[in-house]
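Q: PDB, C-alpha atoms and all ligand atoms, saved as protein-v4.pdb, coming up:
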```
ATOM      1  CA  MET A 732     162.393 189.996 -16.323
ATOM      2  CA  GLU A 733     158.935 188.721 -17.339
ATOM      3  CA  ILE A 734     160.345 187.851 -20.771
ATOM      4  CA  TYR A 735     162.091 184.873 -19.099
ATOM      5  CA  VAL A 736     159.011 183.527 -17.329
ATOM      6  CA  PRO A 737     157.156 180.664 -19.051
ATOM      7  CA  ASP A 738     153.356 180.409 -19.069
ATOM      8  CA  ILE A 739     153.628 176.774 -18.003
ATOM      9  CA  TYR A 740     156.450 174.873 -16.301
ATOM     10  CA  GLN A 741     156.547 171.067 -16.162
ATOM     11  CA  GLU A 742     159.070 168.316 -15.600
ATOM     12  CA  ASP A 743     159.075 166.737 -19.063
ATOM     13  CA  ILE A 744     157.090 166.244 -22.277
ATOM     14  CA  TYR A 745     155.270 163.235 -20.837
ATOM     15  CA  LYS A 746     153.917 165.038 -17.770
ATOM     16  CA  LEU A 747     152.479 167.945 -19.772
ATOM     17  CA  ASP A 748     148.693 168.047 -19.804
ATOM     18  CA  TYR A 749     147.964 168.252 -23.525
ATOM     19  CA  ASP A 750     144.205 168.083 -23.030
ATOM     20  CA  ALA A 751     144.479 171.190 -20.847
ATOM     21  CA  LEU A 752     146.473 172.846 -23.631
ATOM     22  CA  ALA A 753     143.791 171.922 -26.142
ATOM     23  CA  SER A 754     141.111 173.407 -23.915
ATOM     24  CA  ARG A 755     143.170 176.614 -23.721
ATOM     25  CA  GLY A 756     142.834 176.719 -27.507
ATOM     26  CA  ILE A 757     146.311 175.447 -28.381
ATOM     27  CA  LYS A 758     146.335 173.648 -31.748
ATOM     28  CA  CYS A 759     149.996 173.789 -32.745
ATOM     29  CA  LEU A 760     152.961 172.532 -30.702
ATOM     30  CA  ILE A 761     156.508 173.617 -31.468
ATOM     31  CA  PHE A 762     159.027 171.340 -29.774
ATOM     32  CA  ASP A 763     162.691 171.973 -29.185
ATOM     33  CA  LEU A 764     164.880 168.897 -29.856
ATOM     34  CA  ASP A 765     168.018 168.708 -27.704
ATOM     35  CA  ASN A 766     167.334 167.969 -24.058
ATOM     36  CA  THR A 767     163.596 168.322 -24.695
ATOM     37  CA  LEU A 768     162.832 165.221 -26.808
ATOM     38  CA  VAL A 769     166.169 163.389 -26.422
ATOM     39  CA  THR A 770     169.678 163.914 -25.023
ATOM     40  CA  ILE A 771     172.382 165.312 -27.310
ATOM     41  CA  ASN A 772     173.830 161.811 -27.699
ATOM     42  CA  GLU A 773     170.696 160.251 -29.146
ATOM     43  CA  LYS A 774     170.579 160.291 -32.931
ATOM     44  CA  LEU A 775     167.038 158.986 -33.314
ATOM     45  CA  PRO A 776     163.739 159.461 -31.468
ATOM     46  CA  ARG A 777     162.877 157.158 -28.584
ATOM     47  CA  LYS A 778     159.948 154.774 -28.666
ATOM     48  CA  GLU A 779     158.200 157.074 -26.125
ATOM     49  CA  ASN A 780     158.689 160.048 -28.458
ATOM     50  CA  LYS A 781     156.970 158.146 -31.249
ATOM     51  CA  GLU A 782     154.089 157.067 -29.025
ATOM     52  CA  LEU A 783     153.607 160.568 -27.654
ATOM     53  CA  PHE A 784     153.665 162.225 -31.070
ATOM     54  CA  LYS A 785     151.282 159.626 -32.454
ATOM     55  CA  SER A 786     148.776 160.362 -29.690
ATOM     56  CA  LEU A 787     149.230 164.132 -30.085
ATOM     57  CA  LYS A 788     148.505 163.879 -33.799
ATOM     58  CA  GLU A 789     145.413 161.821 -32.996
ATOM     59  CA  LYS A 790     144.310 164.611 -30.676
ATOM     60  CA  GLY A 791     144.595 166.933 -33.672
ATOM     61  CA  PHE A 792     147.744 168.877 -32.821
ATOM     62  CA  LYS A 793     150.004 170.141 -35.589
ATOM     63  CA  ILE A 794     153.623 169.532 -34.542
ATOM     64  CA  TYR A 795     156.898 171.171 -35.504
ATOM     65  CA  ILE A 796     160.445 170.569 -34.280
ATOM     66  CA  VAL A 797     162.441 173.801 -34.150
ATOM     67  CA  SER A 798     166.085 173.303 -33.243
ATOM     68  CA  ASN A 799     169.330 175.233 -33.251
ATOM     69  CA  SER A 800     171.048 172.032 -34.357
ATOM     70  CA  ILE A 801     171.996 171.541 -37.991
ATOM     71  CA  ARG A 802     169.836 169.806 -40.577
ATOM     72  CA  SER A 803     171.708 166.471 -40.484
ATOM     73  CA  ARG A 804     170.961 166.193 -36.746
ATOM     74  CA  VAL A 805     167.301 167.212 -36.905
ATOM     75  CA  LYS A 806     166.232 165.513 -40.144
ATOM     76  CA  PRO A 807     166.094 161.927 -38.774
ATOM     77  CA  PHE A 808     163.581 163.137 -36.170
ATOM     78  CA  HIS A 809     161.500 164.778 -38.895
ATOM     79  CA  GLU A 810     161.544 161.512 -40.835
ATOM     80  CA  GLU A 811     160.891 159.116 -37.965
ATOM     81  CA  LEU A 812     158.322 161.213 -36.131
ATOM     82  CA  LYS A 813     156.712 162.485 -39.341
ATOM     83  CA  VAL A 814     156.486 166.110 -38.273
ATOM     84  CA  GLU A 815     157.683 169.320 -39.883
ATOM     85  CA  TYR A 816     161.009 170.750 -38.816
ATOM     86  CA  LEU A 817     163.159 173.845 -38.796
ATOM     87  CA  PRO A 818     166.890 173.256 -38.231
ATOM     88  CA  SER A 819     169.543 175.928 -37.506
ATOM     89  CA  ALA A 820     166.779 178.048 -36.005
ATOM     90  CA  LYS A 821     169.254 180.423 -34.329
ATOM     91  CA  LYS A 822     167.127 180.820 -31.193
ATOM     92  CA  PRO A 823     167.011 183.203 -29.293
ATOM     93  CA  ASN A 824     166.993 185.166 -32.559
ATOM     94  CA  ILE A 825     163.293 185.195 -33.402
ATOM     95  CA  GLU A 826     163.461 185.734 -37.175
ATOM     96  CA  LYS A 827     163.209 182.106 -38.333
ATOM     97  CA  LEU A 828     160.709 181.065 -35.684
ATOM     98  CA  ASN A 829     158.607 184.126 -36.423
ATOM     99  CA  ASN A 830     158.531 183.237 -40.131
ATOM    100  CA  LEU A 831     157.379 179.733 -39.280
ATOM    101  CA  VAL A 832     154.644 181.129 -37.015
ATOM    102  CA  LYS A 833     153.490 183.592 -39.677
ATOM    103  CA  ASN A 834     153.467 180.921 -42.396
ATOM    104  CA  SER A 835     151.527 178.481 -40.244
ATOM    105  CA  LYS A 836     147.781 178.891 -40.442
ATOM    106  CA  PHE A 837     147.539 179.356 -36.668
ATOM    107  CA  GLY A 838     146.995 182.454 -34.573
ATOM    108  CA  LEU A 839     149.481 183.410 -31.876
ATOM    109  CA  ASP A 840     147.063 182.234 -29.193
ATOM    110  CA  GLU A 841     146.876 178.784 -30.817
ATOM    111  CA  ILE A 842     150.618 178.025 -30.717
ATOM    112  CA  ALA A 843     152.804 176.773 -27.861
ATOM    113  CA  MET A 844     156.605 176.643 -27.776
ATOM    114  CA  ILE A 845     157.907 173.762 -25.672
ATOM    115  CA  GLY A 846     161.544 173.524 -24.641
ATOM    116  CA  ASP A 847     164.154 173.143 -21.916
ATOM    117  CA  SER A 848     165.869 176.492 -22.366
ATOM    118  CA  MET A 849     164.633 179.634 -20.679
ATOM    119  CA  MET A 850     167.205 181.680 -22.598
ATOM    120  CA  ASP A 851     166.268 180.309 -26.028
ATOM    121  CA  ASP A 852     162.857 178.648 -26.158
ATOM    122  CA  VAL A 853     161.005 180.723 -23.579
ATOM    123  CA  VAL A 854     162.469 184.104 -24.529
ATOM    124  CA  CYS A 855     161.805 183.476 -28.233
ATOM    125  CA  GLY A 856     158.227 182.382 -27.659
ATOM    126  CA  ASN A 857     157.479 185.264 -25.311
ATOM    127  CA  MET A 858     158.907 187.811 -27.750
ATOM    128  CA  ILE A 859     156.688 186.456 -30.523
ATOM    129  CA  GLY A 860     153.681 186.290 -28.216
ATOM    130  CA  ILE A 861     152.887 182.574 -28.271
ATOM    131  CA  THR A 862     152.328 180.355 -25.209
ATOM    132  CA  THR A 863     155.626 179.263 -23.664
ATOM    133  CA  ILE A 864     156.237 175.991 -21.847
ATOM    134  CA  LEU A 865     159.469 175.322 -20.001
ATOM    135  CA  LEU A 866     160.576 171.805 -19.138
ATOM    136  CA  ASP A 867     163.528 170.526 -17.150
ATOM    137  CA  GLN A 868     166.472 169.522 -19.316
ATOM    138  CA  ILE A 869     166.575 165.740 -19.646
ATOM    139  CA  SER A 870     170.362 165.604 -19.279
ATOM    140  CA  LYS A 871     173.056 167.892 -17.900
ATOM    141  CA  ARG A 872     175.162 167.141 -20.995
ATOM    142  CA  GLU A 873     174.862 169.974 -23.508
ATOM    143  CA  PHE A 874     176.514 171.338 -26.626
ATOM    144  CA  PRO A 875     179.104 174.048 -25.748
ATOM    145  CA  LEU A 876     176.959 177.023 -26.776
ATOM    146  CA  ALA A 877     173.977 175.695 -24.832
ATOM    147  CA  LYS A 878     176.209 175.204 -21.809
ATOM    148  CA  LEU A 879     177.234 178.862 -21.933
ATOM    149  CA  ARG A 880     173.609 179.949 -22.163
ATOM    150  CA  ARG A 881     172.697 177.658 -19.262
ATOM    151  CA  PHE A 882     175.260 179.487 -17.140
ATOM    152  CA  LYS A 883     173.484 182.785 -17.870
ATOM    153  CA  GLU A 884     170.124 181.115 -17.278
ATOM    154  CA  LYS A 885     171.159 180.089 -13.750
ATOM    155  CA  LYS A 886     171.952 183.731 -12.911
ATOM    156  CA  ILE A 887     168.579 184.852 -14.259
ATOM    157  CA  GLN A 888     166.783 182.080 -12.395
ATOM    158  CA  LYS A 889     168.345 183.320  -9.175
ATOM    159  CA  LYS A 890     166.944 186.816  -9.797
ATOM    160  CA  LEU A 891     163.536 185.387 -10.720
ATOM    161  CA  ARG A 892     163.491 183.295  -7.566
ATOM    162  CA  ASN A 893     164.324 186.329  -5.430
ATOM    163  CA  LYS A 894     161.442 188.235  -7.024
ATOM    164  CA  ASP A 895     159.202 185.168  -6.609
ATOM    165  CA  LEU A 896     158.520 185.130 -10.355
ATOM    166  CA  PHE A 897     159.837 181.646 -11.047
ATOM    167  CA  THR A 898     161.332 178.828  -8.973
ATOM    168  CA  LYS A 899     163.063 175.820 -10.509
ATOM    169  CA  GLY A 900     161.323 172.585  -9.490
ATOM    170  CA  ARG A 901     158.049 174.286  -8.556
ATOM    171  CA  TYR A 902     155.867 173.131 -11.435
ATOM    172  CA  TYR A 903     152.729 174.920 -12.574
ATOM    173  CA  VAL A 904     150.264 174.929 -15.459
TER
HETATM  174 MG    MG B   1     167.114 172.337 -25.854
END
```
Kindly return the structure encoded in the file as C-alpha cells.
Ligand SMILES: [Mg+2]
A:
Amino acid sequence: MEIYVPDIYQEDIYKLDYDALASRGIKCLIFDLDNTLVTINEKLPRKENKELFKSLKEKGFKIYIVSNSIRSRVKPFHEELKVEYLPSAKKPNIEKLNNLVKNSKFGLDEIAMIGDSMMDDVVCGNMIGITTILLDQISKREFPLAKLRRFKEKKIQKKLRNKDLFTKGRYYV
C-alpha cells in the first residue's frame, strides 16, 4: 500500500513550500497538467501559472510538464510557460517518465513529481524512486479515463485511511 502514499501532500501548487523542497535537495520539478496546473477545460496556462513558473525558474528549478494528454493539448503550455514537456506519457506506466528521469542530469533524490492523481502521478514517482507530491484536484471534471482511475483511487484512499497511512484533506510536508 505504501506505493500509493506521497512524500508530501498539499492543497495546490501555490501552497507548496518550494523553498523547503530546495532545502531537501530538490532541483527538478515534474508537473502533471490536467487538474494540477489547470482544469481540463482550460486550453492555456493561467496568469498565476506563469507567475509561479517564473519564480520557480528564478529559484533555479528545472521544470517539466509530463501529461497523459496528447501533444496538441500539452504543447501550448510548453510554449507559454517555456518549460520542457512530455505528452502522452501513459502514466501509470513508468517507461516514458523513467526515460525522462534518466536523460535529465538529475539524481533520483533531486527530482519531485507533482500531481493530483494518486493512481498515476504518485504511483509512477514512487516506483521510479523520486519524491512524490500529491495535490487536491482543482476540479471534479475529468477526462473519462481519469474518472475511472479516480474511482479506484477512492477505494484505495479508504484502505489507506483505515491503516492511518494517508487521509484526504490532512496536509503534510
Ligand atoms: Mg492530473
Q: Quote the spacing between CA of Ser870 in chain A and CA of Glu841 in chain A in Å to one decimal place.
A: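 Distance between the two atoms: 29.3 Å.
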Q: Mind giving me the straight-line distance from CA of Asp847 in chain A to CA of Asp738 in chain A in Å, one decimal?
A: 13.3 Å
Q: For ligand MG 1 (chain B), list the contacting residues at 12 Å or closer, counting only C-alpha atoms and all ligand atoms, as number ranges by chain.
A: A: 743, 762-771, 796-800, 820-823, 844-853, 865-874, 876-878, 880-881
Q: Please enclose the listed atoms of range 858-877 of chain A in an axis-aligned box, pad each side by 4 Å, and write out the centre and the three edge lengths in Å, rounded to one decimal, as JSON.
A:
```
{"center_x": 165.7, "center_y": 176.7, "center_z": -23.8, "size_x": 34.8, "size_y": 30.2, "size_z": 21.4}
```
Q: Determine the nearest neighbour of Glu810 in chain A from the options A:Lys793, A:Glu782, A:Leu775, A:Ile842, counting only C-alpha atoms.
A: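 Of A:Lys793, A:Glu782, A:Leu775, A:Ile842, the one nearest Glu810 in chain A is A:Leu775, counting only C-alpha atoms.
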Q: Which residue out of A:Cys759, A:Lys785, A:Lys774, A:Pro737 has the minimum interatomic distance to Arg804 in chain A when all atoms listed in the file are used?
A: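 Smallest distance to Arg804 in chain A is found for A:Lys774.
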Q: Quick one: distance from CA of Ile757 in chain A to CA of Ser803 in chain A in Å, one decimal?
A: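 About the pair CA of Ile757 in chain A and CA of Ser803 in chain A: they are 29.5 Å apart.
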Q: Looking at all atoms listed in the file, which of A:Ile761, A:Lys836, A:Asn780, A:Val904 is the one that sits closest to Tyr816 in chain A?
A: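 Smallest distance to Tyr816 in chain A is found for A:Ile761.
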Q: Restricting the calculation to only C-alpha atoms, which member of A:Pro776, A:Tyr735, A:Val832, A:Tyr740 is positioned closest to Val805 in chain A?
A: A:Pro776
Q: With distances taken over all atoms listed in the file, which of A:Pro807, A:Gly791, A:Val736, A:Lys781 is nearest to Asp750 in chain A?
A: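 When distances to Asp750 in chain A are compared using all atoms listed in the file, the smallest one comes from A:Gly791.
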Q: Return the single residue from A:Gly860, A:Asp840, A:Gly756, A:Glu742 that is closest to Gly900 in chain A, with distances computed using all atoms listed in the file.
A: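 So, comparing all the options, the nearest one is A:Glu742.
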Q: Please expand the PyMOL selection byres (((chain A and resi 825) around 9) and not hetatm) into the concrete residues it hits in this file, giving the result as a PDB file with C-alpha atoms, in the frame of the given file.
A:
```pdb
ATOM      1  CA  ALA A 820     166.779 178.048 -36.005  1.00  0.00           C
ATOM      2  CA  LYS A 821     169.254 180.423 -34.329  1.00  0.00           C
ATOM      3  CA  LYS A 822     167.127 180.820 -31.193  1.00  0.00           C
ATOM      4  CA  PRO A 823     167.011 183.203 -29.293  1.00  0.00           C
ATOM      5  CA  ASN A 824     166.993 185.166 -32.559  1.00  0.00           C
ATOM      6  CA  GLU A 826     163.461 185.734 -37.175  1.00  0.00           C
ATOM      7  CA  LYS A 827     163.209 182.106 -38.333  1.00  0.00           C
ATOM      8  CA  LEU A 828     160.709 181.065 -35.684  1.00  0.00           C
ATOM      9  CA  ASN A 829     158.607 184.126 -36.423  1.00  0.00           C
ATOM     10  CA  ASN A 830     158.531 183.237 -40.131  1.00  0.00           C
ATOM     11  CA  VAL A 854     162.469 184.104 -24.529  1.00  0.00           C
ATOM     12  CA  CYS A 855     161.805 183.476 -28.233  1.00  0.00           C
ATOM     13  CA  GLY A 856     158.227 182.382 -27.659  1.00  0.00           C
ATOM     14  CA  MET A 858     158.907 187.811 -27.750  1.00  0.00           C
ATOM     15  CA  ILE A 859     156.688 186.456 -30.523  1.00  0.00           C
TER      16      ILE A 859
END
```
Q: Using the chain letters and numbers from this file, what does the PyMOL selection byres (((chain A and resi 888) around 12) and not hetatm) select? Give the answer as a PyMOL selection string.
A: chain A and resi 732-733+735-737+848-850+881-887+889-900
Q: Only N, CA and C atoms, as a PDB file, in the first residue's frame: that is what I want for range 770-803 of chain A.
A:
```pdb
ATOM      1  N   THR A 770      -7.739  23.251 -15.144  1.00  0.00           N
ATOM      2  CA  THR A 770      -8.819  22.274 -15.333  1.00  0.00           C
ATOM      3  C   THR A 770      -8.734  21.730 -16.760  1.00  0.00           C
ATOM      4  N   ILE A 771      -9.508  20.683 -17.038  1.00  0.00           N
ATOM      5  CA  ILE A 771      -9.443  20.072 -18.376  1.00  0.00           C
ATOM      6  C   ILE A 771     -10.050  20.977 -19.447  1.00  0.00           C
ATOM      7  N   ASN A 772     -10.778  22.003 -19.035  1.00  0.00           N
ATOM      8  CA  ASN A 772     -11.408  22.906 -19.994  1.00  0.00           C
ATOM      9  C   ASN A 772     -10.506  24.059 -20.414  1.00  0.00           C
ATOM     10  N   GLU A 773      -9.444  24.284 -19.668  1.00  0.00           N
ATOM     11  CA  GLU A 773      -8.566  25.411 -19.974  1.00  0.00           C
ATOM     12  C   GLU A 773      -7.508  24.997 -20.993  1.00  0.00           C
ATOM     13  N   LYS A 774      -7.410  25.781 -22.047  1.00  0.00           N
ATOM     14  CA  LYS A 774      -6.519  25.422 -23.160  1.00  0.00           C
ATOM     15  C   LYS A 774      -5.139  26.085 -23.055  1.00  0.00           C
ATOM     16  N   LEU A 775      -5.069  27.070 -22.164  1.00  0.00           N
ATOM     17  CA  LEU A 775      -3.822  27.817 -21.987  1.00  0.00           C
ATOM     18  C   LEU A 775      -3.530  27.994 -20.497  1.00  0.00           C
ATOM     19  N   PRO A 776      -2.261  28.231 -20.143  1.00  0.00           N
ATOM     20  CA  PRO A 776      -1.959  28.446 -18.723  1.00  0.00           C
ATOM     21  C   PRO A 776      -2.599  29.721 -18.187  1.00  0.00           C
ATOM     22  N   ARG A 777      -2.869  29.714 -16.888  1.00  0.00           N
ATOM     23  CA  ARG A 777      -3.391  30.896 -16.211  1.00  0.00           C
ATOM     24  C   ARG A 777      -2.242  31.852 -15.926  1.00  0.00           C
ATOM     25  N   LYS A 778      -2.628  33.094 -15.631  1.00  0.00           N
ATOM     26  CA  LYS A 778      -1.650  34.109 -15.256  1.00  0.00           C
ATOM     27  C   LYS A 778      -0.856  33.628 -14.026  1.00  0.00           C
ATOM     28  N   GLU A 779      -1.552  33.004 -13.068  1.00  0.00           N
ATOM     29  CA  GLU A 779      -0.885  32.502 -11.845  1.00  0.00           C
ATOM     30  C   GLU A 779       0.128  31.405 -12.159  1.00  0.00           C
ATOM     31  N   ASN A 780      -0.187  30.584 -13.180  1.00  0.00           N
ATOM     32  CA  ASN A 780       0.756  29.538 -13.591  1.00  0.00           C
ATOM     33  C   ASN A 780       2.050  30.182 -14.078  1.00  0.00           C
ATOM     34  N   LYS A 781       1.872  31.229 -14.896  1.00  0.00           N
ATOM     35  CA  LYS A 781       3.043  31.907 -15.469  1.00  0.00           C
ATOM     36  C   LYS A 781       3.894  32.541 -14.378  1.00  0.00           C
ATOM     37  N   GLU A 782       3.207  33.197 -13.430  1.00  0.00           N
ATOM     38  CA  GLU A 782       3.932  33.865 -12.341  1.00  0.00           C
ATOM     39  C   GLU A 782       4.672  32.844 -11.475  1.00  0.00           C
ATOM     40  N   LEU A 783       3.985  31.744 -11.182  1.00  0.00           N
ATOM     41  CA  LEU A 783       4.610  30.711 -10.349  1.00  0.00           C
ATOM     42  C   LEU A 783       5.840  30.132 -11.058  1.00  0.00           C
ATOM     43  N   PHE A 784       5.669  29.766 -12.313  1.00  0.00           N
ATOM     44  CA  PHE A 784       6.783  29.136 -13.035  1.00  0.00           C
ATOM     45  C   PHE A 784       7.959  30.093 -13.194  1.00  0.00           C
ATOM     46  N   LYS A 785       7.627  31.374 -13.384  1.00  0.00           N
ATOM     47  CA  LYS A 785       8.691  32.378 -13.498  1.00  0.00           C
ATOM     48  C   LYS A 785       9.500  32.407 -12.198  1.00  0.00           C
ATOM     49  N   SER A 786       8.800  32.435 -11.074  1.00  0.00           N
ATOM     50  CA  SER A 786       9.512  32.496  -9.787  1.00  0.00           C
ATOM     51  C   SER A 786      10.266  31.197  -9.507  1.00  0.00           C
ATOM     52  N   LEU A 787       9.712  30.061  -9.937  1.00  0.00           N
ATOM     53  CA  LEU A 787      10.413  28.787  -9.720  1.00  0.00           C
ATOM     54  C   LEU A 787      11.696  28.721 -10.537  1.00  0.00           C
ATOM     55  N   LYS A 788      11.622  29.248 -11.764  1.00  0.00           N
ATOM     56  CA  LYS A 788      12.833  29.273 -12.599  1.00  0.00           C
ATOM     57  C   LYS A 788      13.887  30.191 -11.981  1.00  0.00           C
ATOM     58  N   GLU A 789      13.412  31.307 -11.414  1.00  0.00           N
ATOM     59  CA  GLU A 789      14.346  32.229 -10.751  1.00  0.00           C
ATOM     60  C   GLU A 789      15.014  31.584  -9.542  1.00  0.00           C
ATOM     61  N   LYS A 790      14.266  30.681  -8.897  1.00  0.00           N
ATOM     62  CA  LYS A 790      14.839  29.949  -7.761  1.00  0.00           C
ATOM     63  C   LYS A 790      15.807  28.856  -8.225  1.00  0.00           C
ATOM     64  N   GLY A 791      15.836  28.622  -9.541  1.00  0.00           N
ATOM     65  CA  GLY A 791      16.802  27.670 -10.086  1.00  0.00           C
ATOM     66  C   GLY A 791      16.249  26.286 -10.390  1.00  0.00           C
ATOM     67  N   PHE A 792      14.937  26.114 -10.260  1.00  0.00           N
ATOM     68  CA  PHE A 792      14.363  24.799 -10.561  1.00  0.00           C
ATOM     69  C   PHE A 792      14.292  24.554 -12.073  1.00  0.00           C
ATOM     70  N   LYS A 793      14.581  23.315 -12.460  1.00  0.00           N
ATOM     71  CA  LYS A 793      14.307  22.871 -13.824  1.00  0.00           C
ATOM     72  C   LYS A 793      12.887  22.301 -13.811  1.00  0.00           C
ATOM     73  N   ILE A 794      12.076  22.660 -14.798  1.00  0.00           N
ATOM     74  CA  ILE A 794      10.665  22.256 -14.782  1.00  0.00           C
ATOM     75  C   ILE A 794      10.282  21.472 -16.051  1.00  0.00           C
ATOM     76  N   TYR A 795       9.558  20.401 -15.827  1.00  0.00           N
ATOM     77  CA  TYR A 795       8.967  19.637 -16.925  1.00  0.00           C
ATOM     78  C   TYR A 795       7.459  19.536 -16.690  1.00  0.00           C
ATOM     79  N   ILE A 796       6.702  19.432 -17.789  1.00  0.00           N
ATOM     80  CA  ILE A 796       5.294  19.039 -17.695  1.00  0.00           C
ATOM     81  C   ILE A 796       5.179  17.655 -18.316  1.00  0.00           C
ATOM     82  N   VAL A 797       4.704  16.702 -17.535  1.00  0.00           N
ATOM     83  CA  VAL A 797       4.524  15.331 -18.016  1.00  0.00           C
ATOM     84  C   VAL A 797       3.044  14.994 -17.912  1.00  0.00           C
ATOM     85  N   SER A 798       2.414  14.774 -19.066  1.00  0.00           N
ATOM     86  CA  SER A 798       0.964  14.604 -19.087  1.00  0.00           C
ATOM     87  C   SER A 798       0.541  13.402 -19.912  1.00  0.00           C
ATOM     88  N   ASN A 799      -0.552  12.786 -19.533  1.00  0.00           N
ATOM     89  CA  ASN A 799      -1.117  11.717 -20.349  1.00  0.00           C
ATOM     90  C   ASN A 799      -1.884  12.282 -21.543  1.00  0.00           C
ATOM     91  N   SER A 800      -2.134  13.571 -21.535  1.00  0.00           N
ATOM     92  CA  SER A 800      -2.848  14.181 -22.664  1.00  0.00           C
ATOM     93  C   SER A 800      -1.964  14.239 -23.904  1.00  0.00           C
ATOM     94  N   ILE A 801      -2.628  14.371 -25.047  1.00  0.00           N
ATOM     95  CA  ILE A 801      -1.892  14.343 -26.325  1.00  0.00           C
ATOM     96  C   ILE A 801      -1.138  15.656 -26.572  1.00  0.00           C
ATOM     97  N   ARG A 802      -0.208  15.581 -27.513  1.00  0.00           N
ATOM     98  CA  ARG A 802       0.696  16.697 -27.784  1.00  0.00           C
ATOM     99  C   ARG A 802      -0.038  18.023 -28.021  1.00  0.00           C
ATOM    100  N   SER A 803      -1.116  17.987 -28.824  1.00  0.00           N
ATOM    101  CA  SER A 803      -1.813  19.234 -29.166  1.00  0.00           C
ATOM    102  C   SER A 803      -2.403  19.915 -27.923  1.00  0.00           C
TER     103      SER A 803
END
```
